[in-house]
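As provided, input26.cif (mmCIF, C-alpha atoms and all ligand atoms) reads as follows.
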```cif
data_query
loop_
_atom_site.label_atom_id
_atom_site.label_comp_id
_atom_site.auth_asym_id
_atom_site.auth_seq_id
_atom_site.Cartn_x
_atom_site.Cartn_y
_atom_site.Cartn_z
CA MET A 1028 17.39 3.84 17.72
CA LYS A 1029 13.85 2.54 17.30
CA THR A 1030 12.91 2.34 13.63
CA THR A 1031 9.48 3.65 12.73
CA LEU A 1032 7.04 2.11 10.29
CA PHE A 1033 7.95 4.87 7.85
CA ASP A 1034 11.70 4.07 8.10
CA ASP A 1035 10.79 0.49 7.29
CA ALA A 1036 8.81 1.58 4.23
CA MET A 1037 11.79 3.69 3.06
CA ARG A 1038 14.14 0.75 3.40
CA ARG A 1039 12.03 -1.21 0.92
CA LEU A 1040 12.05 1.68 -1.53
CA ASN A 1041 15.83 2.03 -1.33
CA THR A 1042 16.31 -1.70 -1.91
CA ALA A 1043 14.06 -1.56 -4.97
CA MET A 1044 15.90 1.46 -6.41
CA LYS A 1045 19.06 -0.66 -6.73
CA TYR A 1046 17.31 -2.80 -9.34
CA THR A 1047 16.37 0.13 -11.58
CA ASP A 1048 18.30 2.69 -13.56
CA LEU A 1049 16.02 5.48 -12.41
CA ASP A 1050 17.49 8.79 -11.30
CA ASP A 1051 18.11 8.90 -7.52
CA GLU A 1052 15.84 11.92 -7.40
CA VAL A 1053 12.88 9.59 -8.00
CA ALA A 1054 13.46 8.02 -4.58
CA LEU A 1055 13.92 11.45 -3.02
CA ARG A 1056 10.65 12.65 -4.45
CA VAL A 1057 8.68 9.55 -3.43
CA GLY A 1058 10.41 9.47 -0.08
CA THR A 1059 8.44 12.34 1.44
CA PRO A 1060 4.70 12.85 1.74
CA LYS A 1061 3.30 15.67 -0.37
CA SER A 1062 1.12 17.05 2.42
CA CYS A 1063 -0.12 16.03 5.85
CA LEU A 1064 -3.20 17.43 7.55
CA GLU A 1065 -3.85 16.96 11.26
CA VAL A 1066 -7.23 17.90 12.68
CA SER A 1067 -9.04 17.78 15.96
CA VAL A 1068 -12.66 16.72 15.56
CA PRO A 1069 -15.13 17.94 18.22
CA VAL A 1070 -17.89 15.43 18.96
CA ARG A 1071 -20.92 16.07 21.13
CA ARG A 1072 -21.48 12.83 23.09
CA ASP A 1073 -24.98 11.45 23.64
CA ASP A 1074 -24.78 12.52 27.31
CA GLY A 1075 -24.19 16.14 26.27
CA SER A 1076 -20.46 16.27 27.02
CA LEU A 1077 -17.88 17.34 24.43
CA ASP A 1078 -14.90 15.23 23.30
CA PHE A 1079 -12.14 15.84 20.75
CA PHE A 1080 -10.60 13.19 18.49
CA ARG A 1081 -7.36 13.54 16.57
CA GLY A 1082 -7.62 12.84 12.85
CA TYR A 1083 -5.17 12.78 9.94
CA ARG A 1084 -5.13 12.77 6.18
CA VAL A 1085 -1.83 12.33 4.36
CA ARG A 1086 -1.44 12.73 0.60
CA HIS A 1087 1.75 10.92 -0.12
CA ASP A 1088 2.35 11.22 -3.85
CA ASP A 1089 0.16 12.30 -6.77
CA THR A 1090 2.52 11.67 -9.68
CA ARG A 1091 0.20 9.11 -11.29
CA GLY A 1092 -3.13 10.76 -10.52
CA PRO A 1093 -5.37 11.91 -7.66
CA THR A 1094 -4.38 10.37 -4.36
CA LYS A 1095 -6.35 7.41 -3.06
CA GLY A 1096 -6.54 5.47 0.16
CA GLY A 1097 -8.63 4.44 3.12
CA LEU A 1098 -9.58 6.01 6.42
CA ARG A 1099 -9.16 3.94 9.56
CA TYR A 1100 -10.66 4.34 13.01
CA HIS A 1101 -8.36 2.81 15.61
CA PRO A 1102 -6.85 3.93 18.92
CA SER A 1103 -3.32 3.31 17.56
CA VAL A 1104 -3.73 5.68 14.58
CA SER A 1105 -0.80 8.11 14.54
CA LEU A 1106 0.86 10.38 11.98
CA ASP A 1107 3.71 7.88 11.50
CA GLU A 1108 1.28 5.06 10.81
CA VAL A 1109 -0.84 7.12 8.41
CA LYS A 1110 2.27 8.32 6.56
CA SER A 1111 3.47 4.74 6.08
CA LEU A 1112 0.05 3.56 4.95
CA ALA A 1113 -0.11 6.47 2.46
CA PHE A 1114 3.31 5.51 1.14
CA TRP A 1115 2.12 1.90 0.66
CA MET A 1116 -0.99 3.15 -1.17
CA THR A 1117 1.24 4.99 -3.69
CA PHE A 1118 3.02 1.73 -4.45
CA LYS A 1119 -0.15 -0.37 -4.34
CA CYS A 1120 -1.88 1.77 -6.98
CA ALA A 1121 1.25 1.66 -9.15
CA VAL A 1122 1.52 -2.14 -8.76
CA VAL A 1123 -1.95 -2.69 -10.20
CA GLY A 1124 -1.52 0.13 -12.72
CA ILE A 1125 -4.55 2.21 -11.72
CA PRO A 1126 -4.22 5.97 -12.30
CA TYR A 1127 -3.86 7.11 -8.71
CA GLY A 1128 -1.26 8.24 -6.26
CA GLY A 1129 -1.41 7.24 -2.60
CA ALA A 1130 -3.04 8.71 0.49
CA LYS A 1131 -4.35 7.53 3.83
CA GLY A 1132 -6.19 8.92 6.78
CA GLY A 1133 -7.54 7.98 10.11
CA ILE A 1134 -8.90 9.00 13.45
CA SER A 1135 -7.45 7.89 16.75
CA VAL A 1136 -10.60 6.44 18.32
CA ASP A 1137 -11.99 3.18 19.61
CA ALA A 1138 -15.00 3.07 17.27
CA LYS A 1139 -16.62 0.34 19.38
CA SER A 1140 -16.91 2.77 22.30
CA LEU A 1141 -19.10 5.22 20.34
CA SER A 1142 -22.85 4.99 19.84
CA PRO A 1143 -24.03 4.95 16.18
CA MET A 1144 -25.05 8.61 16.46
CA GLU A 1145 -21.69 9.62 17.96
CA LEU A 1146 -19.99 7.73 15.15
CA GLU A 1147 -22.03 9.63 12.59
CA ARG A 1148 -21.22 12.99 14.22
CA LEU A 1149 -17.51 12.09 14.27
CA SER A 1150 -17.50 11.01 10.60
CA ARG A 1151 -19.36 14.07 9.36
CA GLY A 1152 -17.25 16.35 11.58
CA PHE A 1153 -14.05 14.89 10.12
CA ILE A 1154 -15.27 15.58 6.56
CA ARG A 1155 -16.11 19.18 7.46
CA LEU A 1156 -12.47 19.64 8.54
CA VAL A 1157 -10.84 17.92 5.54
CA ALA A 1158 -13.29 19.01 2.81
CA ASP A 1159 -10.78 21.37 1.20
CA PHE A 1160 -8.09 18.69 1.22
CA ILE A 1161 -10.08 16.01 -0.65
CA GLY A 1162 -12.14 15.86 -3.86
CA PRO A 1163 -12.88 13.51 -6.78
CA ASP A 1164 -9.87 14.81 -8.77
CA VAL A 1165 -7.65 15.48 -5.77
CA ASP A 1166 -7.88 12.86 -3.04
CA ILE A 1167 -10.48 10.11 -2.70
CA PRO A 1168 -10.92 8.35 0.67
CA ALA A 1169 -12.34 4.84 1.17
CA PRO A 1170 -12.95 2.38 4.02
CA ASP A 1171 -10.17 0.74 6.02
CA MET A 1172 -10.00 -0.83 9.49
CA TYR A 1173 -13.15 -0.21 11.54
CA THR A 1174 -14.75 1.99 8.89
CA ASN A 1175 -17.42 0.67 6.55
CA GLU A 1176 -19.82 1.54 3.76
CA ARG A 1177 -22.25 3.20 6.11
CA ILE A 1178 -19.56 5.62 7.28
CA MET A 1179 -18.53 6.26 3.64
CA GLY A 1180 -22.18 7.06 2.87
CA TRP A 1181 -22.36 9.65 5.67
CA MET A 1182 -19.10 11.18 4.48
CA MET A 1183 -20.18 11.45 0.85
CA ASP A 1184 -23.45 13.01 1.98
CA GLU A 1185 -21.64 15.55 4.17
CA TYR A 1186 -19.20 16.46 1.38
CA SER A 1187 -22.09 16.87 -1.10
CA THR A 1188 -23.89 19.15 1.38
CA ILE A 1189 -20.76 21.32 1.71
CA ARG A 1190 -20.30 21.54 -2.07
CA ARG A 1191 -24.05 22.00 -2.67
CA GLN A 1192 -23.98 19.35 -5.38
CA HIS A 1193 -24.06 15.56 -5.60
CA VAL A 1194 -20.44 14.33 -5.57
CA PRO A 1195 -20.45 10.52 -5.36
CA ALA A 1196 -16.90 10.17 -6.76
CA VAL A 1197 -15.35 11.92 -3.73
CA ILE A 1198 -15.31 8.69 -1.77
CA THR A 1199 -15.47 4.98 -2.59
CA GLY A 1200 -16.78 1.99 -0.70
CA LYS A 1201 -20.22 3.62 -0.37
CA PRO A 1202 -23.47 1.67 -0.03
CA VAL A 1203 -24.66 0.51 -3.47
CA SER A 1204 -27.80 2.62 -2.95
CA MET A 1205 -25.57 5.74 -2.80
CA GLY A 1206 -23.45 5.00 -5.86
CA GLY A 1207 -21.26 2.25 -4.42
CA SER A 1208 -20.08 -0.52 -6.72
CA VAL A 1209 -21.34 -4.07 -6.51
CA GLY A 1210 -18.42 -6.30 -5.60
CA ARG A 1211 -16.59 -3.64 -3.52
CA SER A 1212 -17.33 -5.21 -0.15
CA ASP A 1213 -15.42 -8.46 -0.79
CA ALA A 1214 -12.86 -6.96 -3.19
CA THR A 1215 -9.82 -7.03 -0.88
CA GLY A 1216 -10.36 -10.68 0.05
CA ARG A 1217 -11.20 -11.59 -3.53
CA GLY A 1218 -8.07 -9.90 -4.89
CA ALA A 1219 -5.95 -11.91 -2.43
CA TYR A 1220 -7.82 -15.05 -3.45
CA TYR A 1221 -6.95 -14.45 -7.12
CA CYS A 1222 -3.30 -14.10 -6.08
CA ILE A 1223 -3.46 -17.38 -4.17
CA ARG A 1224 -4.91 -19.08 -7.24
CA GLU A 1225 -1.96 -17.85 -9.31
CA LEU A 1226 0.46 -18.92 -6.58
CA ALA A 1227 -1.16 -22.36 -6.53
CA LYS A 1228 -0.66 -22.67 -10.30
CA LYS A 1229 3.03 -21.78 -9.98
CA HIS A 1230 3.60 -24.38 -7.26
CA ASP A 1231 1.08 -27.04 -8.28
CA LEU A 1232 -0.81 -26.76 -5.01
CA ASP A 1233 -3.79 -29.04 -4.68
CA PRO A 1234 -6.50 -27.27 -2.58
CA ALA A 1235 -7.61 -30.39 -0.71
CA SER A 1236 -4.12 -31.02 0.64
CA THR A 1237 -3.20 -27.37 1.20
CA THR A 1238 -3.57 -26.07 4.75
CA VAL A 1239 -4.22 -22.42 5.49
CA ALA A 1240 -4.08 -20.33 8.69
CA ILE A 1241 -5.69 -16.89 8.70
CA GLN A 1242 -4.86 -14.25 11.29
CA GLY A 1243 -7.78 -11.81 11.52
CA PHE A 1244 -11.42 -12.43 10.69
CA GLY A 1245 -12.55 -8.96 9.66
CA ASN A 1246 -13.88 -8.16 6.20
CA ALA A 1247 -10.80 -9.24 4.19
CA GLY A 1248 -9.99 -12.28 6.33
CA GLN A 1249 -13.56 -13.59 6.15
CA HIS A 1250 -13.82 -13.25 2.38
CA VAL A 1251 -10.47 -14.83 1.62
CA ALA A 1252 -11.44 -17.71 3.94
CA ARG A 1253 -14.85 -18.09 2.29
CA LEU A 1254 -13.46 -18.18 -1.26
CA LEU A 1255 -10.61 -20.56 -0.42
CA HIS A 1256 -12.97 -22.86 1.48
CA LYS A 1257 -15.29 -22.95 -1.53
CA ASP A 1258 -12.37 -24.15 -3.65
CA GLY A 1259 -11.69 -26.94 -1.16
CA TYR A 1260 -8.69 -25.51 0.74
CA ARG A 1261 -8.33 -26.73 4.33
CA ILE A 1262 -8.58 -23.67 6.61
CA VAL A 1263 -7.16 -25.07 9.83
CA ALA A 1264 -6.79 -21.94 11.95
CA ILE A 1265 -8.61 -18.61 12.27
CA SER A 1266 -8.23 -15.82 14.79
CA ASP A 1267 -9.68 -12.50 15.84
CA SER A 1268 -8.38 -10.00 18.39
CA GLN A 1269 -9.49 -12.34 21.23
CA GLY A 1270 -7.43 -15.35 20.10
CA ALA A 1271 -7.30 -18.24 17.64
CA ILE A 1272 -8.94 -21.62 17.06
CA TYR A 1273 -7.12 -24.52 15.45
CA ARG A 1274 -8.44 -27.78 14.01
CA PRO A 1275 -6.20 -29.92 11.75
CA GLU A 1276 -9.24 -31.29 9.82
CA GLY A 1277 -10.23 -27.73 8.88
CA PHE A 1278 -13.27 -25.55 9.61
CA ASP A 1279 -16.59 -25.04 7.87
CA ILE A 1280 -16.07 -21.35 7.05
CA PRO A 1281 -19.73 -20.36 6.39
CA SER A 1282 -20.56 -21.56 9.93
CA LEU A 1283 -17.72 -19.48 11.40
CA ILE A 1284 -18.73 -16.38 9.46
CA ARG A 1285 -22.31 -16.75 10.62
CA THR A 1286 -21.43 -17.03 14.31
CA LYS A 1287 -18.88 -14.23 14.04
CA GLU A 1288 -21.65 -11.99 12.66
CA GLU A 1289 -24.08 -13.04 15.38
CA THR A 1290 -21.75 -13.06 18.39
CA ARG A 1291 -18.81 -10.88 17.18
CA HIS A 1292 -16.42 -13.72 18.13
CA VAL A 1293 -14.62 -16.45 16.25
CA GLN A 1294 -15.96 -19.76 17.56
CA ALA A 1295 -15.37 -23.39 16.59
CA VAL A 1296 -18.86 -24.36 15.44
CA TYR A 1297 -20.62 -26.30 12.72
CA CYS A 1298 -24.03 -25.05 11.63
CA ASP A 1299 -26.64 -27.28 10.08
CA GLY A 1300 -29.61 -25.18 9.06
CA ALA A 1301 -30.56 -23.00 12.02
CA LEU A 1302 -28.68 -25.15 14.50
CA CYS A 1303 -25.04 -24.38 15.36
CA THR A 1304 -23.13 -26.81 17.57
CA SER A 1305 -19.65 -26.50 19.05
CA ILE A 1306 -16.97 -28.72 17.57
CA ASP A 1307 -13.61 -29.80 18.98
CA ALA A 1308 -10.80 -27.35 18.37
CA ASP A 1309 -7.68 -26.14 20.16
CA THR A 1310 -7.48 -22.57 21.31
CA LEU A 1311 -4.29 -20.70 20.52
CA THR A 1312 -2.97 -17.19 20.87
CA ASN A 1313 -2.55 -15.01 17.80
CA GLU A 1314 1.23 -15.45 18.11
CA GLU A 1315 0.88 -19.25 18.12
CA LEU A 1316 -1.30 -19.15 15.02
CA LEU A 1317 1.48 -17.39 13.12
CA GLU A 1318 3.91 -20.18 13.99
CA LEU A 1319 1.72 -23.08 12.83
CA ASP A 1320 3.13 -25.59 10.38
CA VAL A 1321 0.78 -24.79 7.48
CA ASP A 1322 1.23 -24.35 3.75
CA ILE A 1323 -0.22 -20.84 3.49
CA LEU A 1324 -0.26 -18.23 6.23
CA VAL A 1325 -2.53 -15.23 5.68
CA PRO A 1326 -1.91 -12.32 8.08
CA ALA A 1327 -5.10 -10.25 7.71
CA ALA A 1328 -5.00 -8.15 10.89
CA LEU A 1329 -2.61 -5.40 11.95
CA GLU A 1330 0.87 -4.34 10.86
CA ASN A 1331 4.11 -5.55 12.55
CA GLN A 1332 2.97 -9.11 13.30
CA ILE A 1333 6.04 -10.92 11.97
CA THR A 1334 9.17 -9.26 13.26
CA GLU A 1335 12.79 -10.29 13.80
CA GLU A 1336 11.62 -11.66 17.14
CA ASN A 1337 9.36 -14.42 15.74
CA ALA A 1338 10.35 -14.69 12.04
CA GLU A 1339 12.71 -17.58 12.69
CA ARG A 1340 9.81 -19.62 14.12
CA ILE A 1341 7.52 -19.18 11.09
CA LYS A 1342 6.95 -22.56 9.44
CA ALA A 1343 4.51 -21.70 6.64
CA LYS A 1344 5.78 -22.23 3.08
CA TYR A 1345 3.95 -19.21 1.70
CA ILE A 1346 2.72 -15.99 3.30
CA VAL A 1347 0.06 -13.89 1.61
CA GLU A 1348 -0.11 -10.43 3.20
CA VAL A 1349 -3.74 -9.38 3.27
CA ALA A 1350 -3.08 -6.82 6.04
CA ASN A 1351 -0.96 -3.76 5.30
CA GLY A 1352 2.59 -4.13 6.60
CA PRO A 1353 2.27 -7.31 8.71
CA ILE A 1354 5.97 -8.17 8.17
CA THR A 1355 8.83 -5.83 9.13
CA SER A 1356 11.80 -5.34 6.81
CA ALA A 1357 14.09 -7.03 9.34
CA ALA A 1358 11.79 -10.07 9.32
CA ASP A 1359 11.85 -10.10 5.49
CA GLU A 1360 15.52 -11.01 5.58
CA ILE A 1361 14.95 -13.97 7.89
CA LEU A 1362 11.97 -15.25 5.87
CA ASN A 1363 13.96 -14.94 2.65
CA ALA A 1364 16.87 -16.85 4.14
CA ASN A 1365 14.42 -19.59 5.15
CA GLU A 1366 12.97 -19.64 1.61
CA ILE A 1367 9.49 -18.65 2.69
CA GLU A 1368 7.76 -17.05 -0.28
CA VAL A 1369 5.84 -13.86 0.57
CA VAL A 1370 3.16 -12.41 -1.70
CA PRO A 1371 3.51 -8.76 -0.58
CA ASP A 1372 0.70 -6.54 0.69
CA ILE A 1373 1.03 -3.98 -2.12
CA LEU A 1374 -0.04 -6.75 -4.50
CA ALA A 1375 -2.04 -9.18 -2.34
CA ASN A 1376 -4.43 -6.62 -0.85
CA ALA A 1377 -4.72 -4.33 -3.88
CA GLY A 1378 -8.12 -5.78 -4.83
CA GLY A 1379 -9.89 -3.26 -2.58
CA VAL A 1380 -8.46 -0.16 -4.19
CA THR A 1381 -8.85 -1.69 -7.64
CA VAL A 1382 -12.60 -2.04 -7.20
CA SER A 1383 -12.62 1.44 -5.61
CA TYR A 1384 -11.24 2.63 -8.93
CA PHE A 1385 -14.08 0.80 -10.71
CA GLU A 1386 -16.55 2.54 -8.39
CA TRP A 1387 -15.04 5.96 -9.15
CA LEU A 1388 -15.24 5.23 -12.90
CA GLN A 1389 -18.91 4.24 -12.56
CA ASN A 1390 -19.68 7.38 -10.53
CA ARG A 1391 -18.08 9.57 -13.16
CA SER A 1392 -19.69 7.91 -16.17
CA GLY A 1393 -23.06 7.35 -14.50
CA GLU A 1394 -23.13 3.84 -15.94
CA TYR A 1395 -23.21 0.99 -13.43
CA TRP A 1396 -21.73 -2.47 -13.99
CA GLU A 1397 -22.93 -6.02 -13.31
CA LEU A 1398 -21.22 -8.07 -10.59
CA GLN A 1399 -19.69 -10.45 -13.17
CA THR A 1400 -18.08 -7.48 -14.93
CA VAL A 1401 -16.49 -6.31 -11.67
CA HIS A 1402 -15.19 -9.81 -10.87
CA LYS A 1403 -13.84 -10.35 -14.36
CA LYS A 1404 -12.04 -7.00 -14.52
CA LEU A 1405 -10.61 -7.50 -11.03
CA GLN A 1406 -9.37 -10.98 -11.88
CA THR A 1407 -7.74 -9.75 -15.09
CA ILE A 1408 -5.77 -7.07 -13.22
CA MET A 1409 -4.79 -9.20 -10.22
CA SER A 1410 -3.68 -12.19 -12.30
CA ARG A 1411 -1.83 -10.05 -14.80
CA GLU A 1412 0.12 -8.10 -12.16
CA PHE A 1413 0.79 -11.23 -10.09
CA LYS A 1414 2.36 -12.91 -13.13
CA ARG A 1415 4.41 -9.83 -14.02
CA ILE A 1416 5.79 -9.56 -10.49
CA TYR A 1417 6.36 -13.30 -10.27
CA ASP A 1418 8.33 -13.31 -13.53
CA LEU A 1419 10.26 -10.22 -12.48
CA HIS A 1420 11.30 -11.77 -9.17
CA LEU A 1421 12.74 -14.75 -11.05
CA GLU A 1422 14.44 -12.50 -13.58
CA ILE A 1423 16.11 -10.15 -11.08
CA LYS A 1424 16.57 -12.93 -8.50
CA THR A 1425 14.89 -11.23 -5.56
CA ASP A 1426 11.95 -11.93 -3.29
CA MET A 1427 8.50 -11.00 -4.60
CA ARG A 1428 8.27 -7.92 -2.38
CA THR A 1429 11.35 -6.34 -3.90
CA ALA A 1430 10.06 -7.23 -7.39
CA ALA A 1431 6.70 -5.59 -6.58
CA TYR A 1432 8.47 -2.41 -5.44
CA VAL A 1433 10.68 -2.42 -8.54
CA HIS A 1434 7.61 -2.88 -10.75
CA ALA A 1435 5.82 0.01 -8.99
CA ILE A 1436 8.74 2.44 -8.79
CA LYS A 1437 9.41 1.97 -12.49
CA ARG A 1438 5.85 3.02 -13.27
CA ILE A 1439 6.08 6.01 -10.92
CA GLY A 1440 9.54 6.99 -12.16
CA GLU A 1441 8.47 6.76 -15.78
CA THR A 1442 5.62 9.23 -15.16
CA MET A 1443 7.93 11.57 -13.22
CA GLU A 1444 10.43 11.57 -16.04
CA ALA A 1445 7.70 12.09 -18.64
CA LYS A 1446 6.49 15.14 -16.71
CA GLY A 1447 10.04 16.46 -16.64
CA THR A 1448 12.14 16.51 -13.50
CA CYS A 1449 14.57 19.20 -14.67
CA SER A 1450 17.39 16.96 -13.44
CA TYR A 1451 18.99 17.43 -16.89
CA PHE A 1452 19.79 21.03 -15.94
CA SER A 1453 22.00 19.88 -13.09
CA LYS A 1454 23.55 17.09 -15.14
CA SER A 1455 23.70 18.95 -18.45
CA LYS A 1456 22.16 15.91 -20.20
N1 LIG A 1501 -8.16 0.74 2.62
C1 LIG A 1501 -7.94 -0.07 1.48
C2 LIG A 1501 -6.46 -0.32 1.27
O1 LIG A 1501 -5.67 -0.22 2.18
C3 LIG A 1501 -8.67 0.44 0.26
C4 LIG A 1501 -8.29 1.80 -0.23
C5 LIG A 1501 -9.20 2.34 -1.32
O2 LIG A 1501 -10.10 1.63 -1.74
O3 LIG A 1501 -8.97 3.47 -1.71
O4 LIG A 1501 -6.04 -0.70 0.22
#
```
With the file now loaded, output its structure as structure tokens.
Ligand code: GLU
Amino acid sequence: MKTTLFDDAMRRLNTAMKYTDLDDEVALRVGTPKSCLEVSVPVRRDDGSLDFFRGYRVRHDDTRGPTKGGLRYHPSVSLDEVKSLAFWMTFKCAVVGIPYGGAKGGISVDAKSLSPMELERLSRGFIRLVADFIGPDVDIPAPDMYTNERIMGWMMDEYSTIRRQHVPAVITGKPVSMGGSVGRSDATGRGAYYCIRELAKKHDLDPASTTVAIQGFGNAGQHVARLLHKDGYRIVAISDSQGAIYRPEGFDIPSLIRTKEETRHVQAVYCDGALCTSIDADTLTNEELLELDVDILVPAALENQITEENAERIKAKYIVEVANGPITSAADEILNANEIEVVPDILANAGGVTVSYFEWLQNRSGEYWELQTVHKKLQTIMSREFKRIYDLHLEIKTDMRTAAYVHAIKRIGETMEAKGTCSYFSKSK
């Protein structure tokens, strides 16, 4: 039987439960989404025709607070995928200790095929259909793959129109001019970068002699590359959906970011002032990039990239999961056996939702923070939780992923038990 993404997520939860003395009911409760909404969004195309797009919002668990999580626009968006991503959000928020449960949403659409006005109609139409399902104290969406601050701005505006009041805290990742937080746009990449800095301390990695390959050059991939490059790490391979480039001497990341912005493609270039010239580099497929002999591999694209099919061929010493779910649970076992250390997604990419929380706090208090404050608070949380999970994985002798799940489920379970589960009635405790 084919295992779904959600089965895979459950397997990780069940493994983690073995390392806690929490009641089994905790796993049962967190094992099912609280509510799932499926909608069909009508969109009037620019040529006058009418199309419908399927959208979802799943609130997975709200034990620790209102549910939180992004909205993605991608043709592969399905209920199974959104449910798994919502599950991961529950654990991600618990890992970093922010007072939220998990949610996720998405629309099955190729955003690149829509005009900007069609995109706006789709985004506003989606909010009209989910307005009663979300809210600043209920469920707070944010950007994810192929959604951005502009889309979040339209959505906040639409929600405020429906409620007939200004409600900035209903959504995060908005433009700064609409109540967004400074430092939100690079927060996912920056959070991963803080994790890599902690990892480097644990293993005495010297940036200049540490090679890095990054799969995916979207928002998170670009920022993690930029920050590592600034510290002197050698970024030897980068890819986007078209393919990868590889150069053992490393790339000048600002030049790559600039040409990616201008041409939408990853290209091997070096820019000096206004002039960008091509440099020698090998071209690889995305699959080949994953198998490079590098120190740190950063999957920052889609889920299910490292599976039992290719896990045995992975040569990196460390993997830092910037994407959600890039490694399957079957692949975990192979990587563990080969002593490849994985910094799991629910920790490594939690910087985005952490700064979303900062944005929500600022919206609710009406007081806005300086960039340095955002960076400092983010670093404190990421470094603190990295160290806790690192220490826990040594203590309970597991991989870091299991330790991260144990850390998170303990926080969730503690809140459940504090609320009262009534399990003592059945067990006459
Ligand atoms: N979409 C991001 C994630 O997967 C951010 C979610 C948020 O900011 O709520 O973590």
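Nearest residue to Lys1414 in chain A, choosing from A:Tyr1221, A:Thr1381, A:Leu1040, A:Asn1246 and counting all atoms listed in the file: A:Tyr1221.
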Counting only C-alpha atoms and all ligand atoms, which residues in chain A sit no more than 6 Å from ligand LIG 1501 (chain A)? For each one, give the nearest pair of atoms and the distance in Å, sorted by chain then residue number, as a tab-separated table.
```
residue	atom	partner	partner_atom	distance
A:Lys1095	CA	A:LIG1501	O3	4.9
A:Gly1096	CA	A:LIG1501	O3	3.7
A:Gly1097	CA	A:LIG1501	N1	3.8
A:Pro1168	CA	A:LIG1501	O3	5.8
A:Ala1169	CA	A:LIG1501	O3	4.6
A:Pro1170	CA	A:LIG1501	N1	5.3
A:Asp1171	CA	A:LIG1501	N1	3.9
A:Ala1377	CA	A:LIG1501	O4	5.6
A:Gly1379	CA	A:LIG1501	C3	4.8
A:Val1380	CA	A:LIG1501	O2	3.4
A:Ser1383	CA	A:LIG1501	O2	4.6
```
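Put simply, CA of Ser1266 in chain A is 21.6 Å away from CA of Ile1367 in chain A.
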So how far away is CA of Ser1062 in chain A from CA of Asp1035 in chain A, in Å?
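So the answer is 19.8 Å.
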Need the shell around range 1138-1153 of chain A: protein/DNA/RNA residues with any atom at most 8 Å away, counting only C-alpha atoms. Skip same-chain ones fewer than 2 positions apart. Format as a ChimeraX atom specification?
/A:1066,1068-1073,1082,1100-1101,1136,1155-1157,1173,1178,1181-1182,1185
Using only C-alpha atoms, find the one residue out of A:Met1044, A:Val1251, A:Gly1243, A:Pro1275 that sits nearest to Gln1332 in chain A.
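Using only C-alpha atoms, the shortest distance to Gln1332 in chain A belongs to A:Gly1243.
Relative to CA of Pro1202 in chain A, CA of Val1165 in chain A is found at 21.8 Å.
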Using all atoms listed in the file, the best pick from A:Leu1388, A:Leu1398, A:Ile1333, A:Ala1043 as closest to Val1197 in chain A would be A:Leu1388
Return as CSV the residues of range 1101-1217 of chain A lying at most 6 Å from range 1425-1447 of chain A, together with the closest atom-to-atom pair for each and the distance in Å to one decimal, counting only C-alpha atoms, with rows in chain order and ascending residue number.
```
residue,atom,partner,partner_atom,distance
A:Phe1118,CA,A:Ala1435,CA,5.6
A:Ala1121,CA,A:Ala1435,CA,4.9
A:Val1122,CA,A:Ala1435,CA,4.8
```
Quick one: everything within 12 Å of Lys1342 in chain A, counting all atoms listed in the file, minus sequence neighbours fewer than 5 positions away in the same chain. Send it as a ChimeraX atom specification.
/A:1239-1240,1315-1324,1333,1337,1361-1362,1365-1368
Pick from A:Val1057, A:Ile1241, A:Met1183, A:Cys1120, whichever lies nearest to Pro1163 in chain A using all atoms listed in the file:
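For Pro1163 in chain A, the nearest of the given residues is A:Met1183.
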For Val1349 in chain A, please output as a ChimeraX atom specification all residues within 10 Å (counting all atoms listed in the file; exclusion window: fewer than 2 positions along the same chain).
/A:1215-1216,1218-1220,1241-1243,1247-1248,1251,1324-1329,1346-1347,1351-1353,1370-1378
Rank A:Leu1232, A:Leu1064, A:Val1382, A:Leu1302 by their smallest atom-to-atom distance to Phe1160 in chain A, using only C-alpha atoms, and report the top residue only.
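The answer is A:Leu1064, which sits nearest to Phe1160 in chain A.
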Need the shell around range 1284-1292 of chain A: protein/DNA/RNA residues with any atom at most 10 Å away, counting all atoms listed in the file. Skip same-chain ones fewer than 4 positions apart. Format as a tab-separated table (two decimals) with C-alpha atoms, keeping the file's coordinate frame?
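Result saved to around-v2.tsv:
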```tsv
chain	number	residue	atom	x	y	z
A	1244	PHE	CA	-11.42	-12.43	10.69
A	1245	GLY	CA	-12.55	-8.96	9.66
A	1249	GLN	CA	-13.56	-13.59	6.15
A	1250	HIS	CA	-13.82	-13.25	2.38
A	1252	ALA	CA	-11.44	-17.71	3.94
A	1253	ARG	CA	-14.85	-18.09	2.29
A	1266	SER	CA	-8.23	-15.82	14.79
A	1267	ASP	CA	-9.68	-12.50	15.84
A	1268	SER	CA	-8.38	-10.00	18.39
A	1269	GLN	CA	-9.49	-12.34	21.23
A	1270	GLY	CA	-7.43	-15.35	20.10
A	1279	ASP	CA	-16.59	-25.04	7.87
A	1280	ILE	CA	-16.07	-21.35	7.05
A	1296	VAL	CA	-18.86	-24.36	15.44
A	1297	TYR	CA	-20.62	-26.30	12.72
A	1298	CYS	CA	-24.03	-25.05	11.63
A	1303	CYS	CA	-25.04	-24.38	15.36
```
Exercise: Arg1081 in chain A partners within 6 Å, only C-alpha atoms, chain neighbours under 2 positions left out, as a PDB file with C-alpha atoms, keeping the file's coordinate frame:
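Contents of out-v3.pdb, as written:
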```pdb
ATOM      1  CA  VAL A1066      -7.230  17.900  12.680  1.00  0.00           C
ATOM      2  CA  SER A1067      -9.040  17.780  15.960  1.00  0.00           C
ATOM      3  CA  ILE A1134      -8.900   9.000  13.450  1.00  0.00           C
ATOM      4  CA  SER A1135      -7.450   7.890  16.750  1.00  0.00           C
TER       5      SER A1135
END
```
